[in-house]
Structures are given as C-alpha cells and as structure tokens.
$ cat target_26.txt   # compact mmCIF, C-alpha atoms
# COMPACT_ATOMS: atom_id res chain seq x y z
CA MET A 643 55.18 111.17 -24.19
CA GLU A 644 56.22 110.65 -27.80
CA GLN A 645 57.34 113.85 -29.57
CA VAL A 646 57.99 114.85 -33.16
CA GLU A 647 60.80 117.20 -34.12
CA PHE A 648 59.30 118.83 -37.20
CA LEU A 649 56.39 120.67 -35.57
CA ASN A 650 56.25 122.89 -32.50
CA GLY A 651 54.88 126.20 -31.25
CA LYS A 652 57.44 128.18 -33.26
CA THR A 653 56.63 126.48 -36.56
CA ARG A 654 55.73 128.97 -39.29
CA LEU A 655 52.62 128.12 -41.28
CA TYR A 656 52.18 128.09 -45.04
CA GLY A 657 49.08 126.89 -46.87
CA ILE A 658 48.00 125.75 -50.30
CA VAL A 659 44.47 126.91 -51.14
CA GLY A 660 42.23 125.25 -53.70
CA ASP A 661 38.80 123.85 -54.53
CA PRO A 662 39.19 120.85 -54.69
CA ILE A 663 42.42 120.28 -52.77
CA GLU A 664 42.95 116.50 -52.49
CA GLN A 665 44.81 116.37 -55.82
CA VAL A 666 47.76 118.50 -54.66
CA ARG A 667 51.26 117.15 -53.99
CA SER A 668 52.67 120.44 -52.70
CA PRO A 669 52.26 119.81 -48.93
CA GLU A 670 54.77 116.96 -48.76
CA MET A 671 57.10 118.27 -51.47
CA VAL A 672 57.31 121.90 -50.32
CA THR A 673 57.54 120.93 -46.63
CA TRP A 674 60.42 118.59 -47.49
CA GLU A 675 62.22 121.39 -49.36
CA MET A 676 61.69 123.76 -46.42
CA HIS A 677 63.20 121.26 -44.01
CA GLN A 678 66.29 120.90 -46.23
CA ARG A 679 67.03 124.65 -45.90
CA PRO A 680 66.43 124.19 -42.86
CA MET A 681 63.22 126.10 -42.04
CA ASN A 682 60.93 125.46 -39.09
CA ALA A 683 57.87 125.51 -41.34
CA VAL A 684 55.10 123.33 -42.77
CA LEU A 685 52.79 123.65 -45.79
CA VAL A 686 49.24 122.42 -45.18
CA PRO A 687 46.31 121.89 -47.61
CA MET A 688 43.43 124.33 -47.17
CA HIS A 689 40.12 123.52 -48.88
CA VAL A 690 38.32 126.83 -49.41
CA ARG A 691 35.16 126.62 -51.48
CA GLU A 692 35.07 129.03 -54.38
CA GLN A 693 31.99 130.85 -53.09
CA ASP A 694 33.72 131.41 -49.71
CA PHE A 695 37.05 132.72 -51.05
CA ASP A 696 36.35 136.45 -50.59
CA ASP A 697 35.26 135.97 -46.98
CA VAL A 698 37.78 133.37 -45.85
CA LEU A 699 41.11 134.54 -47.30
CA PRO A 700 41.33 138.03 -45.73
CA ARG A 701 40.55 136.47 -42.34
CA LEU A 702 43.04 133.64 -42.85
CA MET A 703 45.78 136.13 -43.71
CA GLN A 704 45.38 137.73 -40.28
CA LEU A 705 47.01 134.71 -38.62
CA HIS A 706 50.27 136.01 -37.14
CA ASN A 707 52.19 132.80 -37.77
CA LEU A 708 51.05 132.46 -41.40
CA ASP A 709 53.90 133.54 -43.68
CA GLY A 710 52.76 132.44 -47.11
CA LEU A 711 50.15 130.85 -49.35
CA ILE A 712 50.17 128.87 -52.58
CA PHE A 713 47.09 128.98 -54.82
CA THR A 714 45.83 126.25 -57.12
CA ILE A 715 42.65 125.71 -59.15
CA PRO A 716 40.52 127.83 -59.40
CA PHE A 717 42.11 130.75 -57.52
CA LYS A 718 45.27 131.83 -59.36
CA ALA A 719 43.65 134.76 -61.15
CA LYS A 720 41.34 135.69 -58.28
CA ALA A 721 44.10 135.71 -55.65
CA ILE A 722 45.98 138.59 -57.29
CA VAL A 723 43.74 141.10 -55.45
CA LEU A 724 45.25 139.90 -52.15
CA ALA A 725 48.75 141.10 -53.08
CA GLN A 726 50.05 144.59 -52.33
CA ALA A 727 53.11 144.05 -54.54
CA LEU A 728 53.63 141.86 -57.62
CA GLY A 729 56.60 140.18 -59.26
CA ALA A 730 57.46 140.47 -62.95
CA GLN A 731 55.70 137.26 -64.06
CA ALA A 732 52.54 138.12 -62.09
CA LEU A 733 52.42 141.57 -63.71
CA GLN A 734 52.62 139.98 -67.17
CA VAL A 735 50.12 137.20 -66.50
CA GLY A 736 47.62 138.92 -64.20
CA ALA A 737 47.58 135.98 -61.77
CA ILE A 738 49.60 134.59 -58.86
CA ASN A 739 50.20 131.16 -57.37
CA ALA A 740 52.29 132.26 -54.38
CA LEU A 741 51.83 134.95 -51.76
CA ALA A 742 54.53 135.77 -49.19
CA ARG A 743 54.41 138.01 -46.14
CA ARG A 744 57.13 140.68 -46.23
CA GLY A 745 56.77 142.81 -43.12
CA ASP A 746 53.36 144.47 -43.34
CA GLN A 747 52.90 143.66 -47.04
CA TRP A 748 51.92 140.58 -49.02
CA HIS A 749 53.92 140.01 -52.20
CA GLY A 750 52.54 137.88 -55.06
CA GLU A 751 54.23 136.01 -57.90
CA ILE A 752 53.46 133.10 -60.23
CA PHE A 753 55.89 130.23 -60.85
CA ASP A 754 53.94 127.74 -63.00
CA GLY A 755 55.44 128.91 -66.27
CA LEU A 756 58.99 128.99 -64.97
CA GLY A 757 58.46 125.48 -63.57
CA CYS A 758 57.17 124.19 -66.90
CA VAL A 759 60.11 125.57 -68.88
CA GLU A 760 62.51 124.21 -66.24
CA SER A 761 60.94 120.73 -66.45
CA PHE A 762 61.55 120.72 -70.22
CA ARG A 763 65.12 121.99 -69.77
CA ARG A 764 65.87 119.17 -67.33
CA ARG A 765 64.74 116.69 -69.97
CA GLY A 766 66.90 118.30 -72.67
CA LEU A 767 63.82 119.67 -74.46
CA SER A 768 63.43 123.18 -75.84
CA PHE A 769 60.58 125.41 -76.99
CA LYS A 770 62.77 127.53 -79.26
CA ASP A 771 61.58 127.42 -82.89
CA LYS A 772 59.00 124.73 -82.03
CA ARG A 773 55.30 124.67 -82.91
CA VAL A 774 53.21 124.57 -79.72
CA MET A 775 49.53 123.93 -78.90
CA LEU A 776 48.50 125.28 -75.48
CA ILE A 777 45.08 124.27 -74.12
CA GLY A 778 43.85 126.39 -71.21
CA GLN A 779 44.84 129.97 -70.45
CA GLY A 780 43.69 130.28 -66.86
CA GLY A 781 46.21 131.14 -64.13
CA ALA A 782 48.57 128.22 -64.82
CA GLY A 783 48.10 128.27 -68.58
CA SER A 784 48.72 132.01 -68.88
CA ALA A 785 51.88 131.67 -66.79
CA ILE A 786 53.08 128.78 -68.93
CA GLY A 787 52.37 130.80 -72.07
CA ALA A 788 54.22 133.85 -70.74
CA ALA A 789 57.28 131.74 -69.90
CA ILE A 790 57.19 130.03 -73.29
CA ALA A 791 57.03 133.41 -75.04
CA ALA A 792 60.48 134.17 -73.66
CA GLU A 793 61.73 130.93 -75.31
CA HIS A 794 60.64 132.18 -78.79
CA PRO A 795 58.74 129.27 -80.36
CA ALA A 796 57.96 129.42 -84.09
CA LEU A 797 54.21 129.00 -83.53
CA ILE A 798 51.84 129.09 -80.55
CA ARG A 799 48.28 127.86 -81.06
CA LEU A 800 45.95 128.90 -78.21
CA PHE A 801 42.63 127.54 -77.04
CA ASP A 802 40.52 128.40 -74.01
CA GLN A 803 36.77 128.33 -73.42
CA ASP A 804 37.17 132.04 -72.61
CA THR A 805 38.44 133.54 -75.86
CA GLU A 806 39.44 136.77 -74.11
CA ARG A 807 42.09 134.85 -72.16
CA SER A 808 43.61 133.61 -75.43
CA GLU A 809 43.51 137.11 -76.87
CA ARG A 810 45.36 138.52 -73.84
CA LEU A 811 48.07 135.88 -74.17
CA ALA A 812 48.31 136.49 -77.91
CA ASP A 813 48.91 140.18 -77.16
CA LEU A 814 51.69 139.24 -74.73
CA PHE A 815 53.37 137.10 -77.40
CA GLY A 816 53.18 140.05 -79.77
CA ARG A 817 55.20 142.10 -77.30
CA VAL A 818 57.63 139.46 -75.96
CA SER A 819 58.21 137.33 -79.06
CA PRO A 820 56.99 139.23 -82.15
CA ASP A 821 58.45 136.65 -84.56
CA THR A 822 56.24 133.89 -83.10
CA ARG A 823 53.16 133.17 -85.21
CA VAL A 824 50.06 133.15 -82.98
CA GLU A 825 46.81 131.36 -83.75
CA ILE A 826 43.61 131.22 -81.68
CA SER A 827 41.67 128.12 -82.68
CA PRO A 828 40.12 124.88 -81.40
CA PRO A 829 42.64 122.26 -80.21
CA SER A 830 44.51 120.56 -83.04
CA ILE A 831 47.77 118.64 -83.32
CA ASP A 832 48.19 119.27 -87.05
CA GLY A 833 51.67 120.69 -87.62
CA ILE A 834 52.43 120.71 -83.88
CA ASP A 835 55.63 119.61 -82.11
CA ILE A 836 54.56 120.15 -78.47
CA LEU A 837 51.09 119.69 -76.97
CA LEU A 838 50.50 121.33 -73.58
CA ASN A 839 47.39 120.83 -71.44
CA ALA A 840 46.88 123.44 -68.72
CA CYS A 841 43.12 122.96 -68.21
CA PRO A 842 41.66 120.81 -65.38
CA VAL A 843 40.08 118.18 -67.68
CA GLY A 844 41.53 114.82 -66.61
CA MET A 845 42.11 115.75 -62.97
CA LEU A 846 41.34 113.28 -60.14
CA ASP A 847 38.72 110.78 -61.40
CA ASP A 848 37.89 112.69 -64.59
CA ALA A 849 38.47 110.21 -67.42
CA ARG A 850 37.97 112.75 -70.21
CA LEU A 851 40.59 114.01 -72.63
CA PRO A 852 41.08 117.80 -73.03
CA PHE A 853 39.84 117.48 -76.64
CA PRO A 854 38.53 114.64 -78.83
CA VAL A 855 41.48 112.64 -80.14
CA SER A 856 42.09 108.90 -80.53
CA THR A 857 45.73 108.80 -81.57
CA LEU A 858 48.81 111.02 -81.46
CA PRO A 859 51.96 111.00 -83.63
CA SER A 860 54.90 109.43 -81.81
CA SER A 861 57.03 112.48 -82.61
CA LEU A 862 54.80 114.69 -80.42
CA ILE A 863 55.96 115.91 -76.99
CA VAL A 864 52.96 115.91 -74.61
CA PHE A 865 52.79 117.79 -71.31
CA ASP A 866 49.97 117.83 -68.76
CA ALA A 867 50.04 120.36 -65.90
CA ILE A 868 47.79 118.14 -63.75
CA VAL A 869 49.69 116.65 -60.81
CA LYS A 870 47.14 114.11 -59.58
CA PRO A 871 46.69 111.66 -61.09
CA GLU A 872 50.28 111.57 -62.27
CA GLN A 873 49.17 109.49 -65.27
CA THR A 874 46.33 111.55 -66.72
CA PRO A 875 44.12 110.25 -69.55
CA LEU A 876 46.03 112.48 -71.99
CA LEU A 877 49.42 111.21 -70.84
CA ALA A 878 48.21 107.60 -70.93
CA LEU A 879 47.14 108.05 -74.56
CA ALA A 880 50.41 109.80 -75.40
CA GLN A 881 52.47 107.03 -73.83
CA SER A 882 50.52 104.34 -75.69
CA CYS A 883 51.31 106.18 -78.94
CA GLY A 884 55.04 106.35 -78.19
CA CYS A 885 55.14 110.09 -77.50
CA THR A 886 57.60 111.78 -75.16
CA VAL A 887 55.63 112.79 -72.05
CA VAL A 888 56.39 115.46 -69.44
CA ARG A 889 54.32 115.24 -66.26
CA GLY A 890 52.80 117.85 -63.99
CA ARG A 891 54.91 116.53 -61.14
CA GLU A 892 58.03 117.47 -63.13
CA MET A 893 56.73 121.03 -63.49
CA MET A 894 56.10 121.13 -59.74
CA LEU A 895 59.65 119.97 -59.01
CA GLY A 896 60.90 122.70 -61.34
CA GLN A 897 59.16 125.43 -59.36
CA ILE A 898 59.33 124.24 -55.73
CA SER A 899 62.83 125.54 -55.09
CA LYS A 900 61.88 128.91 -56.60
CA ILE A 901 58.73 129.14 -54.46
CA VAL A 902 60.64 128.39 -51.24
CA ASP A 903 63.24 131.01 -52.26
CA PHE A 904 60.32 133.42 -52.69
CA PHE A 905 58.97 132.55 -49.24
CA ASN A 906 62.46 133.29 -47.89
CA GLY A 907 62.49 136.74 -49.51
CA GLN A 908 65.08 135.82 -52.16
CA ASN A 909 63.07 136.95 -55.18

$ encode --input "target_26.txt" --output "structure tokens"
Amino acid sequence: MEQVEFLNGKTRLYGIVGDPIEQVRSPEMVTWEMHQRPMNAVLVPMHVREQDFDDVLPRLMQLHNLDGLIFTIPFKAKAIVLAQALGAQALQVGAINALARRGDQWHGEIFDGLGCVESFRRRGLSFKDKRVMLIGQGGAGSAIGAAIAAEHPALIRLFDQDTERSERLADLFGRVSPDTRVEISPPSIDGIDILLNACPVGMLDDARLPFPVSTLPSSLIVFDAIVKPEQTPLLALAQSCGCTVVRGREMMLGQISKIVDFFNGQN
C-alpha cells in the first residue's frame, strides 16, 4: 500500500474558517511553514456559512486534536468571542485572525496589520510621514490601520460603509499617533501617497473596483489585501498606470511565520 509521510494519526489539526473559503492560500503556505519547523501538522480549509458560525465553531473547538484556527472573511471580528485571552493587537483592534489552544484556554491574536507592514518593509517601502488612504475597516482593515498607526504616517484617510468602524480607528490613531492627521471621507486619491484596499470588493470573480476610478498617478503605491485572485481589478489598473503594487500574497507571507510562532506558543 502506498503511504504518505506528512499525515498520520498523530497529525495535529489546524483550520482556516471563512465564507467563502476557496479564495484562501493559507492551507498550502501555512502547512509548508509548519513542515519546515518541523511540525506534524496540517492546515485545512473549513467552509462555515455565516449563519452557522455560532453553532458550528464551539462544537468544532471540542476536537481534541485541533490546536488552532485562522479566520478570514467575514469572521475576524465575530471570532473574538471565542478567545479566553487576547494579544496586544487583538485588544487594540477588537478582532482576531488566529486562535491557538494553550492548555485549557484559547488565545486570540490578529496578524494582518503586522503582515502588511512587513510586506512593505521587505519592498523597502515605509508608511512614516506618508499620506495614506485605507478602504475597509473590518477585521483585516482595522488590524492594518492599527499597525500603520505605529509607523506614524502624516495623514490617514479612512472609509468604510460602517462609519462607526472608521471612527473607532480614528480614535486609535489619536492615541497611538497623535501627530497623524485623520480624515473620514469617501475614497479619494487626491494628495495620497499610498492606497490600501482592505475590503472584499474584487475578490474571486468580482470584477468591480473598490471605488469608481479610471486612472491612478504612477507615483501612487497600491496595496490590495485580497489574496485570490492575486491580480485583483485594482492591482491590474494600478499596474497599467505604472504604479508600484504590493499584493495580498506578500502580506500573507509577512504574517505566516508569526502565525506559526503563535501556534507554537512563542507569542
């Protein structure tokens, strides 16, 4: 009988939970990182419909060989109630994207923002003293905003369909980076150095742009948190205009090592 070496009865389970789930790249990338440690573990995609979340997750977490979960759209804010302890970023943002079993407790933290800042650092790009437009302040967008606040941009312009989310992030900037000018307004690239999309518009087969725009200045740096497709409509437009683009996959690479450290109890 043919056998594989990466999966057996002692393999520890981790899952990534979302609705939808087919867009994620985490299963292959995180599993690869785990095997480099080496860990006898695998990350599997788990499609939980939004209306079933409250019933399914507490039952799922009773599996004795489940050691951790990653959360993607639309569960990053909702999943925080599953954690008995929270990391520093999660406390600031009010959302998590990773949950790790530590003995009898589940610990939650969010790594999107740290991954975004790391992806820029790896490209030699900085947020310090820059003028930034951030679209979307859900779980990922709030985490990205919180991490950017620590980089002290000159201006942050915020837009979300839920204005209260933008107001909460504006308050955080007031505490973390009081010299940063904060605006809450519809999306605009006027006077902006860095455009960040952290909303789901453009994901999978969605051909829309996050806001109506036909051209972008070539000096603009454009980031899209969406991982699949790797070339989103926004990034395709940005590339055609000669902009510097930073992809969602780069953000994911920036946070994978930190998430696996978290699963191993290192932070």

$ closest_residue --input "target_26.txt" --among "A:Asp697, A:Gln897, A:Phe905, A:Trp674" --to "Gly757 in chain A" --atoms "all atoms listed in the file"
A:Gln897

$ residues_around --input "target_26.txt" --residues "Phe853 in chain A" --least-positions-apart "4" --cutoff "10 Å" --atoms "only C-alpha atoms" --output "list of chain:residue names"
A:Ile777, A:Pro828, A:Pro829, A:Ser830, A:Asn839, A:Val843, A:Leu876

$ write_last_selection --input "target_26.txt" --atoms "C-alpha atoms" --output "compact mmCIF listing (two decimals), in the frame of the given file"
# COMPACT_ATOMS: atom_id res chain seq x y z
CA ILE A 777 45.08 124.27 -74.12
CA PRO A 828 40.12 124.88 -81.40
CA PRO A 829 42.64 122.26 -80.21
CA SER A 830 44.51 120.56 -83.04
CA ASN A 839 47.39 120.83 -71.44
CA VAL A 843 40.08 118.18 -67.68
CA LEU A 876 46.03 112.48 -71.99

$ residues_around --input "target_26.txt" --residues "range 659-667 of chain A" --least-positions-apart "4" --cutoff "9 Å" --atoms "all atoms listed in the file" --output "JSON, numbers by chain"
{"A": [671, 672, 686, 687, 688, 689, 690, 691, 692, 711, 712, 713, 714, 715, 716, 717, 845, 846, 868, 869, 870, 871, 891, 894]}

$ atom_distance --input "target_26.txt" --atom1 "CA of Asn707 in chain A" --atom2 "CA of Tyr656 in chain A"
8.7 Å

$ closest_residue --input "target_26.txt" --among "A:Val759, A:Ile738, A:Val887, A:Leu702" --to "Leu837 in chain A" --atoms "only C-alpha atoms"
A:Val887

$ residues_near_point --input "target_26.txt" --point "(46.6, 138.2, -51.2)" --cutoff "6 Å" --atoms "all atoms listed in the file" --output "list in words"
Ala721, Val723, Leu724 and Ala725 of chain A

$ residues_around --input "target_26.txt" --residues "Leu741 in chain A" --least-positions-apart "4" --cutoff "6 Å" --atoms "all atoms listed in the file" --output "PyMOL selection string"
chain A and resi 710-711+749-750

$ residues_near_point --input "target_26.txt" --point "(54.9, 137.5, -55.3)" --cutoff "10 Å" --atoms "all atoms listed in the file" --output "PyMOL selection string"
chain A and resi 710+722+725-733+737-744+748-753+901+904-905+907+909

$ atom_distance --input "target_26.txt" --atom1 "CA of Leu879 in chain A" --atom2 "CA of Leu851 in chain A"
9.1 Å

$ closest_residue --input "target_26.txt" --among "A:Asn906, A:Ser860, A:Gln704, A:Thr822" --to "Cys885 in chain A" --atoms "all atoms listed in the file"
A:Ser860

$ atom_distance --input "target_26.txt" --atom1 "CA of Thr673 in chain A" --atom2 "CA of Leu685 in chain A"
5.5 Å

$ closest_residue --input "target_26.txt" --among "A:Cys758, A:Ile798, A:Leu776, A:Met703" --to "Asp821 in chain A" --atoms "only C-alpha atoms"
A:Ile798

$ closest_residue --input "target_26.txt" --among "A:Lys772, A:Lys720, A:Arg679, A:Arg765" --to "Val902 in chain A" --atoms "all atoms listed in the file"
A:Arg679

$ residues_around --input "target_26.txt" --residues "Gln881 in chain A" --least-positions-apart "2" --cutoff "12 Å" --atoms "only C-alpha atoms" --output "ChimeraX atom specification"
/A:857-865,873-879,883-889

$ write_last_selection --input "target_26.txt" --atoms "C-alpha atoms" --output "compact mmCIF listing (two decimals), in the coordinates of the input"
# COMPACT_ATOMS: atom_id res chain seq x y z
CA THR A 857 45.73 108.80 -81.57
CA LEU A 858 48.81 111.02 -81.46
CA PRO A 859 51.96 111.00 -83.63
CA SER A 860 54.90 109.43 -81.81
CA SER A 861 57.03 112.48 -82.61
CA LEU A 862 54.80 114.69 -80.42
CA ILE A 863 55.96 115.91 -76.99
CA VAL A 864 52.96 115.91 -74.61
CA PHE A 865 52.79 117.79 -71.31
CA GLN A 873 49.17 109.49 -65.27
CA THR A 874 46.33 111.55 -66.72
CA PRO A 875 44.12 110.25 -69.55
CA LEU A 876 46.03 112.48 -71.99
CA LEU A 877 49.42 111.21 -70.84
CA ALA A 878 48.21 107.60 -70.93
CA LEU A 879 47.14 108.05 -74.56
CA CYS A 883 51.31 106.18 -78.94
CA GLY A 884 55.04 106.35 -78.19
CA CYS A 885 55.14 110.09 -77.50
CA THR A 886 57.60 111.78 -75.16
CA VAL A 887 55.63 112.79 -72.05
CA VAL A 888 56.39 115.46 -69.44
CA ARG A 889 54.32 115.24 -66.26

$ residues_around --input "target_26.txt" --residues "Asp754 in chain A" --least-positions-apart "6" --cutoff "9 Å" --atoms "only C-alpha atoms" --output "JSON, numbers by chain"
{"A": [739, 781, 782, 783, 784, 785, 786, 789, 867, 893, 894, 896, 897]}

$ closest_residue --input "target_26.txt" --among "A:Asp847, A:Arg817, A:His677, A:Gly657" --to "Leu705 in chain A" --atoms "only C-alpha atoms"
A:Gly657

$ build_atoms --input "target_26.txt" --residues "range 656-679 of chain A" --atoms "N, CA and C atoms" --output "PDB file, in the coordinates of the input"
ATOM      1  N   TYR A 656      52.436 127.773 -43.649  1.00  0.00           N
ATOM      2  CA  TYR A 656      52.180 128.090 -45.040  1.00  0.00           C
ATOM      3  C   TYR A 656      51.018 127.205 -45.478  1.00  0.00           C
ATOM      4  N   GLY A 657      50.215 127.671 -46.426  1.00  0.00           N
ATOM      5  CA  GLY A 657      49.080 126.890 -46.870  1.00  0.00           C
ATOM      6  C   GLY A 657      48.970 126.854 -48.373  1.00  0.00           C
ATOM      7  N   ILE A 658      48.369 125.795 -48.891  1.00  0.00           N
ATOM      8  CA  ILE A 658      48.000 125.750 -50.300  1.00  0.00           C
ATOM      9  C   ILE A 658      46.481 125.716 -50.368  1.00  0.00           C
ATOM     10  N   VAL A 659      45.912 126.665 -51.112  1.00  0.00           N
ATOM     11  CA  VAL A 659      44.470 126.910 -51.140  1.00  0.00           C
ATOM     12  C   VAL A 659      43.913 126.494 -52.487  1.00  0.00           C
ATOM     13  N   GLY A 660      42.862 125.666 -52.464  1.00  0.00           N
ATOM     14  CA  GLY A 660      42.230 125.250 -53.700  1.00  0.00           C
ATOM     15  C   GLY A 660      40.842 124.691 -53.465  1.00  0.00           C
ATOM     16  N   ASP A 661      40.125 124.461 -54.572  1.00  0.00           N
ATOM     17  CA  ASP A 661      38.800 123.850 -54.530  1.00  0.00           C
ATOM     18  C   ASP A 661      38.598 123.080 -55.842  1.00  0.00           C
ATOM     19  N   PRO A 662      38.878 121.741 -55.824  1.00  0.00           N
ATOM     20  CA  PRO A 662      39.190 120.850 -54.690  1.00  0.00           C
ATOM     21  C   PRO A 662      40.655 120.992 -54.278  1.00  0.00           C
ATOM     22  N   ILE A 663      41.047 120.190 -53.274  1.00  0.00           N
ATOM     23  CA  ILE A 663      42.420 120.280 -52.770  1.00  0.00           C
ATOM     24  C   ILE A 663      43.113 118.919 -52.688  1.00  0.00           C
ATOM     25  N   GLU A 664      42.343 117.813 -52.737  1.00  0.00           N
ATOM     26  CA  GLU A 664      42.950 116.500 -52.490  1.00  0.00           C
ATOM     27  C   GLU A 664      43.922 116.070 -53.577  1.00  0.00           C
ATOM     28  N   GLN A 665      43.918 116.747 -54.740  1.00  0.00           N
ATOM     29  CA  GLN A 665      44.810 116.370 -55.820  1.00  0.00           C
ATOM     30  C   GLN A 665      46.231 116.895 -55.652  1.00  0.00           C
ATOM     31  N   VAL A 666      46.461 117.810 -54.713  1.00  0.00           N
ATOM     32  CA  VAL A 666      47.760 118.500 -54.660  1.00  0.00           C
ATOM     33  C   VAL A 666      48.851 117.616 -54.067  1.00  0.00           C
ATOM     34  N   ARG A 667      50.071 117.816 -54.546  1.00  0.00           N
ATOM     35  CA  ARG A 667      51.260 117.150 -53.990  1.00  0.00           C
ATOM     36  C   ARG A 667      52.164 118.126 -53.269  1.00  0.00           C
ATOM     37  N   SER A 668      51.799 119.407 -53.281  1.00  0.00           N
ATOM     38  CA  SER A 668      52.670 120.440 -52.700  1.00  0.00           C
ATOM     39  C   SER A 668      52.944 120.253 -51.212  1.00  0.00           C
ATOM     40  N   PRO A 669      51.971 119.843 -50.377  1.00  0.00           N
ATOM     41  CA  PRO A 669      52.260 119.810 -48.930  1.00  0.00           C
ATOM     42  C   PRO A 669      53.503 119.000 -48.585  1.00  0.00           C
ATOM     43  N   GLU A 670      53.606 117.774 -49.102  1.00  0.00           N
ATOM     44  CA  GLU A 670      54.770 116.960 -48.760  1.00  0.00           C
ATOM     45  C   GLU A 670      56.040 117.452 -49.446  1.00  0.00           C
ATOM     46  N   MET A 671      55.913 117.902 -50.713  1.00  0.00           N
ATOM     47  CA  MET A 671      57.100 118.270 -51.470  1.00  0.00           C
ATOM     48  C   MET A 671      57.684 119.605 -51.001  1.00  0.00           C
ATOM     49  N   VAL A 672      56.821 120.593 -50.775  1.00  0.00           N
ATOM     50  CA  VAL A 672      57.310 121.900 -50.320  1.00  0.00           C
ATOM     51  C   VAL A 672      57.812 121.810 -48.874  1.00  0.00           C
ATOM     52  N   THR A 673      57.090 121.082 -48.022  1.00  0.00           N
ATOM     53  CA  THR A 673      57.540 120.930 -46.630  1.00  0.00           C
ATOM     54  C   THR A 673      58.912 120.261 -46.589  1.00  0.00           C
ATOM     55  N   TRP A 674      59.112 119.252 -47.423  1.00  0.00           N
ATOM     56  CA  TRP A 674      60.420 118.590 -47.490  1.00  0.00           C
ATOM     57  C   TRP A 674      61.509 119.584 -47.890  1.00  0.00           C
ATOM     58  N   GLU A 675      61.235 120.396 -48.912  1.00  0.00           N
ATOM     59  CA  GLU A 675      62.220 121.390 -49.360  1.00  0.00           C
ATOM     60  C   GLU A 675      62.506 122.403 -48.262  1.00  0.00           C
ATOM     61  N   MET A 676      61.485 122.825 -47.530  1.00  0.00           N
ATOM     62  CA  MET A 676      61.690 123.760 -46.420  1.00  0.00           C
ATOM     63  C   MET A 676      62.612 123.157 -45.364  1.00  0.00           C
ATOM     64  N   HIS A 677      62.406 121.899 -45.062  1.00  0.00           N
ATOM     65  CA  HIS A 677      63.200 121.260 -44.010  1.00  0.00           C
ATOM     66  C   HIS A 677      64.652 121.048 -44.439  1.00  0.00           C
ATOM     67  N   GLN A 678      64.911 121.027 -45.762  1.00  0.00           N
ATOM     68  CA  GLN A 678      66.290 120.900 -46.230  1.00  0.00           C
ATOM     69  C   GLN A 678      67.055 122.207 -46.089  1.00  0.00           C
ATOM     70  N   ARG A 679      66.373 123.338 -45.888  1.00  0.00           N
ATOM     71  CA  ARG A 679      67.030 124.650 -45.900  1.00  0.00           C
ATOM     72  C   ARG A 679      67.982 124.901 -44.725  1.00  0.00           C
TER      73      ARG A 679
END
